[in-house]
Amino acid sequence: MIVCLAANPSVDRLFEVERLVKGDIHRPSGFVQVAGGKGLNVARAARSLGADVCAVALLRGHTGRWLQESLAAEGVDGEFVWTHGESRSSLSVADRETAGLTEFYEHGAVAPDSAWVELTHAAATRWQRDGWLTISGSLPRGAPDEGYRDLIEEARRGGVRVALDSEGERLRLALTAEPDIVKVNVAEAGELLGVPTARRDDSLAAASKIRDMAGGEGHAGIVTRGAEGVMLAAPDGTLYEGVLYVRGRYPVGSGDAFLAGLITALERGSDWEDALRVALGAGAANAELAGAARIDPSDAAALARQADVHLL
Ligand SMILES: Nc1ncnc2c1ncn2[C@@H]1O[C@H](COP(=O)(O)OP(=O)(O)OP(=O)(O)O)[C@@H](O)[C@H]1O
Ligand SMILES: [Mg+2]
């Protein structure tokens with residue numbers, strides 16, 4: 001069982017326009033809406049890949065009920081904590097002419113102290129010894145910065161394996177609780193380490209450093225590099241690079257699909273090399289379809305077979 005924590009879920013809307021012009025009225029040629037925020041993306045992608053998942057989410061109001069219904073329609077099991085107000089929404093606008101993406105992320109309302117405590121309890125009712133907990137994205141405003149750190153400590157005490165994808169201060173604090181896997185992108189790695197991380201060798205060094213910060217031996221550090229692929233410092237210290245020579249048009253949520261693929265494969269007992277292939281396939285399949293973390297499993301499997309994963 002993979003429990004996917006979604007502390008700050010959102011309704012994610014994608015508009016496609018021919019050309020985005022500041023100040024103009026646009027008539028989108030395409031529109032997709034999904035239950036998003038990184039945690040729900042991971043849950044949806046892992047479910048598409050056939051994993052047994054449970055989304056643990058903080059929901060609010062009518063928007064929250066829409067999130068609940070769309071997860072149910074996608075076959076994602078859920079454990080929900082309800083609080084006041086409305087769940088937030090996010091808007092991405094894809095410009096066909098430039099292939100550029102303009103994004104708007106609502107912060108969401110402040111959550112009461114009790115909401116974070118209840119959410120932690122909800123996760124603990126569903127996670128399983130030797131199963132996985134994924135923690136992705138931001139905390140709701142009002143939740144303590146140490147929230148992820150404390151949750152990881154509790155999960156690991158219960159024998160639950162933890163994969164973390166976050167950024168900023170909550171990431172820095174959460175690393176001290178020694179999550180099993182830390183996955184960040186190059187920008188997040190750069191912010192964490194305060195050094196350049198975009199070049200290939202810098203990304204590799206960053207993956208190793210992040211593995212050290214997460215506890216070293218037995219822990220994995222991963223830096224994803226968009227369409228350029230990924231660097232992995234595996235639990236035994238082996239270093240891998242993974243690349244897939246395809247570039248899809250819809251990369252929003254590729255990091256979440258990547259994590260979903262990785263954990264789905266590891267949960268099934270795959271070794272790291274194979275898990276990395278599945279993850280690359282899922283990340284690339286996500287970029288083929290509009291809407292975050294919507295993936296076609298057969299497309300993901302075909303792409304995974306094309307992945308080039310090698311030791312460094
Ligand atoms: N345009 C793309 N085409 C194909 N594969 C991609 C593309 N962008 C990303 N990927 C794959 O997905 C993985 C994760 O992507 P990326 O580094 O962009 O994550 P991210 O920034 O965390 O994404 P997000 O936070 O939007 O989910 C990459 O390592 C790569 O394998
Ligand atoms: Mg990401």
# chains A, B, ... in the order shown; residues from 1 in each chain; ligands from 1

call {"tool": "residues_around", "arguments": {"residues": "Val162 of chain A", "least_positions_apart": "3", "cutoff": "12 Å", "atoms": "only C-alpha atoms", "output": "ChimeraX atom specification"}}
result
/A:2-5,127-136,148-149,151-159,165,174-175,177-183,214,219-220,259,263,266-267

call {"tool": "closest_atom_pairs", "arguments": {"of": "segment 105-184 of chain A", "to": "segment 6-26 of chain A", "cutoff": "7 Å", "atoms": "only C-alpha atoms", "output": "CSV"}}
result
residue,atom,partner,partner_atom,distance
A:Ser136,CA,A:Ala6,CA,6.8
A:Ser138,CA,A:Asn8,CA,6.2
A:Leu139,CA,A:Ala7,CA,5.5
A:Pro140,CA,A:Asn8,CA,5.1

call {"tool": "closest_atom_pairs", "arguments": {"of": "chain A", "to": "ligand 1", "cutoff": "6 Å", "atoms": "only C-alpha atoms and all ligand atoms", "output": "CSV"}}
result
residue,atom,partner,partner_atom_place_in_ligand_line,distance
A:Asn185,CA,ligand 1,17 (O),4.8
A:Thr224,CA,ligand 1,17 (O),3.9
A:Arg225,CA,ligand 1,17 (O),4.2
A:Gly226,CA,ligand 1,17 (O),3.4
A:Ala227,CA,ligand 1,7 (C),3.9
A:Gly229,CA,ligand 1,29 (O),4.1
A:Val230,CA,ligand 1,29 (O),4.6
A:Val246,CA,ligand 1,4 (C),5.3
A:Arg247,CA,ligand 1,3 (N),3.4
A:Gly248,CA,ligand 1,3 (N),3.9
A:Arg249,CA,ligand 1,1 (N),5.7
A:Pro251,CA,ligand 1,8 (N),4.5
A:Val252,CA,ligand 1,26 (O),3.9
A:Gly253,CA,ligand 1,27 (O),3.2
A:Ser254,CA,ligand 1,27 (O),4.3
A:Gly255,CA,ligand 1,27 (O),3.3
A:Asp256,CA,ligand 1,27 (O),4.3
A:Phe258,CA,ligand 1,13 (C),5.4
A:Leu280,CA,ligand 1,31 (O),4.3
A:Gly283,CA,ligand 1,12 (O),3.7
A:Ala284,CA,ligand 1,5 (N),3.5
A:Ala287,CA,ligand 1,3 (N),5.1

call {"tool": "write_last_selection", "arguments": {"atoms": "N, CA and C atoms", "output": "mmCIF file, in the first residue's frame"}}
result
data_model
loop_
_atom_site.group_PDB
_atom_site.id
_atom_site.type_symbol
_atom_site.label_atom_id
_atom_site.label_comp_id
_atom_site.auth_asym_id
_atom_site.auth_seq_id
_atom_site.Cartn_x
_atom_site.Cartn_y
_atom_site.Cartn_z
ATOM 1 N N ASN A 185 13.748 18.459 -7.897
ATOM 2 C CA ASN A 185 14.217 18.814 -9.246
ATOM 3 C C ASN A 185 15.466 19.699 -9.111
ATOM 4 N N THR A 224 15.856 15.244 -10.364
ATOM 5 C CA THR A 224 15.287 15.139 -11.716
ATOM 6 C C THR A 224 15.620 16.403 -12.488
ATOM 7 N N ARG A 225 15.871 16.221 -13.792
ATOM 8 C CA ARG A 225 16.399 17.293 -14.627
ATOM 9 C C ARG A 225 15.490 17.565 -15.825
ATOM 10 N N GLY A 226 14.166 17.563 -15.588
ATOM 11 C CA GLY A 226 13.230 17.788 -16.675
ATOM 12 C C GLY A 226 13.462 16.752 -17.774
ATOM 13 N N ALA A 227 13.324 17.180 -19.034
ATOM 14 C CA ALA A 227 13.469 16.235 -20.149
ATOM 15 C C ALA A 227 14.896 15.695 -20.280
ATOM 16 N N GLY A 229 16.451 14.144 -17.980
ATOM 17 C CA GLY A 229 16.566 12.882 -17.252
ATOM 18 C C GLY A 229 16.774 13.061 -15.761
ATOM 19 N N VAL A 230 17.580 12.170 -15.162
ATOM 20 C CA VAL A 230 17.651 12.117 -13.699
ATOM 21 C C VAL A 230 19.001 11.578 -13.226
ATOM 22 N N VAL A 246 12.928 11.447 -25.247
ATOM 23 C CA VAL A 246 11.656 11.966 -25.765
ATOM 24 C C VAL A 246 11.364 13.252 -25.008
ATOM 25 N N ARG A 247 10.597 14.126 -25.619
ATOM 26 C CA ARG A 247 10.236 15.371 -24.948
ATOM 27 C C ARG A 247 8.764 15.651 -25.216
ATOM 28 N N GLY A 248 7.938 15.477 -24.185
ATOM 29 C CA GLY A 248 6.506 15.710 -24.343
ATOM 30 C C GLY A 248 6.165 17.176 -24.115
ATOM 31 N N ARG A 249 4.960 17.543 -24.498
ATOM 32 C CA ARG A 249 4.565 18.954 -24.444
ATOM 33 C C ARG A 249 3.962 19.368 -23.103
ATOM 34 N N PRO A 251 4.785 18.893 -19.422
ATOM 35 C CA PRO A 251 5.609 18.377 -18.317
ATOM 36 C C PRO A 251 5.079 18.661 -16.906
ATOM 37 N N VAL A 252 4.007 19.454 -16.772
ATOM 38 C CA VAL A 252 3.502 19.712 -15.411
ATOM 39 C C VAL A 252 3.062 18.382 -14.795
ATOM 40 N N GLY A 253 3.607 18.083 -13.638
ATOM 41 C CA GLY A 253 3.249 16.835 -12.961
ATOM 42 C C GLY A 253 4.163 15.681 -13.327
ATOM 43 N N SER A 254 5.140 15.914 -14.212
ATOM 44 C CA SER A 254 6.051 14.806 -14.577
ATOM 45 C C SER A 254 6.849 14.332 -13.369
ATOM 46 N N GLY A 255 7.204 15.272 -12.487
ATOM 47 C CA GLY A 255 7.936 14.890 -11.283
ATOM 48 C C GLY A 255 7.080 14.001 -10.377
ATOM 49 N N ASP A 256 5.806 14.304 -10.322
ATOM 50 C CA ASP A 256 4.896 13.499 -9.492
ATOM 51 C C ASP A 256 4.691 12.115 -10.111
ATOM 52 N N PHE A 258 6.825 10.656 -12.036
ATOM 53 C CA PHE A 258 8.122 9.986 -11.846
ATOM 54 C C PHE A 258 8.151 9.306 -10.474
ATOM 55 N N LEU A 280 11.059 6.828 -15.146
ATOM 56 C CA LEU A 280 11.304 7.633 -16.354
ATOM 57 C C LEU A 280 10.149 7.462 -17.340
ATOM 58 N N GLY A 283 7.187 9.488 -15.982
ATOM 59 C CA GLY A 283 7.410 10.934 -16.136
ATOM 60 C C GLY A 283 7.207 11.367 -17.580
ATOM 61 N N ALA A 284 7.717 10.568 -18.514
ATOM 62 C CA ALA A 284 7.589 10.904 -19.937
ATOM 63 C C ALA A 284 6.144 10.716 -20.408
ATOM 64 N N ALA A 287 4.088 13.655 -19.689
ATOM 65 C CA ALA A 287 4.326 14.802 -20.572
ATOM 66 C C ALA A 287 3.670 14.641 -21.942
#

call {"tool": "select_by_dssp", "arguments": {"residues": "segment 4-245 of chain A", "states": "strand (DSSP E)", "output": "PyMOL selection string"}}
result
chain A and resi 4-6+10-17+30-36+53-60+77-83+88-95+101-105+132-136+161-165+181-185+220-224+230-233+239-243

call {"tool": "write_last_selection", "arguments": {"atoms": "C-alpha atoms", "output": "PDB file, in the first residue's frame"}}
result
ATOM      1  CA  CYS A   4       0.048   9.590  -0.620  1.00  0.00           C
ATOM      2  CA  LEU A   5      -0.146  12.614   1.623  1.00  0.00           C
ATOM      3  CA  ALA A   6      -1.820  15.632   0.010  1.00  0.00           C
ATOM      4  CA  SER A  10      -5.830  21.895  -5.437  1.00  0.00           C
ATOM      5  CA  VAL A  11      -8.100  21.836  -8.456  1.00  0.00           C
ATOM      6  CA  ASP A  12      -5.607  22.097 -11.313  1.00  0.00           C
ATOM      7  CA  ARG A  13      -6.874  23.657 -14.529  1.00  0.00           C
ATOM      8  CA  LEU A  14      -4.981  23.772 -17.796  1.00  0.00           C
ATOM      9  CA  PHE A  15      -6.031  26.125 -20.610  1.00  0.00           C
ATOM     10  CA  GLU A  16      -4.459  25.812 -24.031  1.00  0.00           C
ATOM     11  CA  VAL A  17      -4.343  28.954 -26.160  1.00  0.00           C
ATOM     12  CA  GLY A  30      -8.350  23.082 -24.882  1.00  0.00           C
ATOM     13  CA  PHE A  31      -9.266  22.695 -21.229  1.00  0.00           C
ATOM     14  CA  VAL A  32      -8.433  19.965 -18.701  1.00  0.00           C
ATOM     15  CA  GLN A  33      -9.212  19.915 -14.985  1.00  0.00           C
ATOM     16  CA  VAL A  34      -7.793  17.388 -12.542  1.00  0.00           C
ATOM     17  CA  ALA A  35      -7.620  16.723  -8.806  1.00  0.00           C
ATOM     18  CA  GLY A  36      -4.165  18.117  -8.225  1.00  0.00           C
ATOM     19  CA  VAL A  53      -2.969   3.638  -3.141  1.00  0.00           C
ATOM     20  CA  CYS A  54      -4.677   5.750  -0.540  1.00  0.00           C
ATOM     21  CA  ALA A  55      -4.727   9.542  -0.830  1.00  0.00           C
ATOM     22  CA  VAL A  56      -4.764  11.268   2.555  1.00  0.00           C
ATOM     23  CA  ALA A  57      -5.913  14.815   1.928  1.00  0.00           C
ATOM     24  CA  LEU A  58      -7.094  17.986   3.620  1.00  0.00           C
ATOM     25  CA  LEU A  59     -10.245  19.085   1.788  1.00  0.00           C
ATOM     26  CA  ARG A  60     -12.524  22.105   2.021  1.00  0.00           C
ATOM     27  CA  ASP A  77      -9.112   5.329  -2.336  1.00  0.00           C
ATOM     28  CA  GLY A  78      -9.054   8.261   0.101  1.00  0.00           C
ATOM     29  CA  GLU A  79      -8.932   9.269   3.744  1.00  0.00           C
ATOM     30  CA  PHE A  80     -10.070  12.860   4.103  1.00  0.00           C
ATOM     31  CA  VAL A  81      -9.919  15.527   6.767  1.00  0.00           C
ATOM     32  CA  TRP A  82     -12.341  18.412   6.255  1.00  0.00           C
ATOM     33  CA  THR A  83     -11.768  21.988   7.276  1.00  0.00           C
ATOM     34  CA  ARG A  88      -7.554  26.113  -3.594  1.00  0.00           C
ATOM     35  CA  SER A  89      -7.137  26.061  -7.349  1.00  0.00           C
ATOM     36  CA  SER A  90      -4.242  26.466  -9.750  1.00  0.00           C
ATOM     37  CA  LEU A  91      -4.220  27.562 -13.367  1.00  0.00           C
ATOM     38  CA  SER A  92      -1.673  26.746 -16.067  1.00  0.00           C
ATOM     39  CA  VAL A  93      -1.892  28.346 -19.491  1.00  0.00           C
ATOM     40  CA  ALA A  94      -0.126  26.532 -22.319  1.00  0.00           C
ATOM     41  CA  ASP A  95       0.872  28.713 -25.271  1.00  0.00           C
ATOM     42  CA  LEU A 101       3.641  27.569 -19.830  1.00  0.00           C
ATOM     43  CA  THR A 102       2.368  30.350 -17.532  1.00  0.00           C
ATOM     44  CA  GLU A 103       1.307  29.191 -14.087  1.00  0.00           C
ATOM     45  CA  PHE A 104      -0.793  30.609 -11.242  1.00  0.00           C
ATOM     46  CA  TYR A 105      -0.866  28.908  -7.845  1.00  0.00           C
ATOM     47  CA  TRP A 132       5.221   3.421   1.611  1.00  0.00           C
ATOM     48  CA  LEU A 133       4.266   6.960   2.503  1.00  0.00           C
ATOM     49  CA  THR A 134       4.818   9.661  -0.117  1.00  0.00           C
ATOM     50  CA  ILE A 135       4.980  13.267   1.006  1.00  0.00           C
ATOM     51  CA  SER A 136       4.779  15.805  -1.778  1.00  0.00           C
ATOM     52  CA  ARG A 161       9.190   3.678   4.195  1.00  0.00           C
ATOM     53  CA  VAL A 162       9.010   7.351   3.266  1.00  0.00           C
ATOM     54  CA  ALA A 163       9.582   9.173  -0.028  1.00  0.00           C
ATOM     55  CA  LEU A 164       9.769  12.954   0.165  1.00  0.00           C
ATOM     56  CA  ASP A 165       9.383  15.568  -2.593  1.00  0.00           C
ATOM     57  CA  ILE A 181      14.050   8.643  -0.580  1.00  0.00           C
ATOM     58  CA  VAL A 182      14.344  12.328  -1.353  1.00  0.00           C
ATOM     59  CA  LYS A 183      13.343  13.461  -4.844  1.00  0.00           C
ATOM     60  CA  VAL A 184      13.774  17.060  -5.906  1.00  0.00           C
ATOM     61  CA  ASN A 185      14.217  18.814  -9.246  1.00  0.00           C
ATOM     62  CA  ALA A 220      18.437   7.581  -1.803  1.00  0.00           C
ATOM     63  CA  GLY A 221      18.942  11.063  -3.238  1.00  0.00           C
ATOM     64  CA  ILE A 222      17.349  11.899  -6.588  1.00  0.00           C
ATOM     65  CA  VAL A 223      17.629  15.020  -8.713  1.00  0.00           C
ATOM     66  CA  THR A 224      15.287  15.139 -11.716  1.00  0.00           C
ATOM     67  CA  VAL A 230      17.651  12.117 -13.699  1.00  0.00           C
ATOM     68  CA  MET A 231      20.592  11.505 -11.362  1.00  0.00           C
ATOM     69  CA  LEU A 232      20.210   8.948  -8.584  1.00  0.00           C
ATOM     70  CA  ALA A 233      22.436   8.242  -5.591  1.00  0.00           C
ATOM     71  CA  LEU A 239      25.286   6.344  -8.794  1.00  0.00           C
ATOM     72  CA  TYR A 240      22.985   6.131 -11.798  1.00  0.00           C
ATOM     73  CA  GLU A 241      21.968   8.385 -14.631  1.00  0.00           C
ATOM     74  CA  GLY A 242      18.660   7.809 -16.385  1.00  0.00           C
ATOM     75  CA  VAL A 243      17.624   9.407 -19.672  1.00  0.00           C
TER      76      VAL A 243
END

call {"tool": "residues_around", "arguments": {"residues": "Val117 of chain A", "least_positions_apart": "2", "cutoff": "10 Å", "atoms": "only C-alpha atoms", "output": "PyMOL selection string"}}
result
chain A and resi 81+112-115+119-122+143+147+151
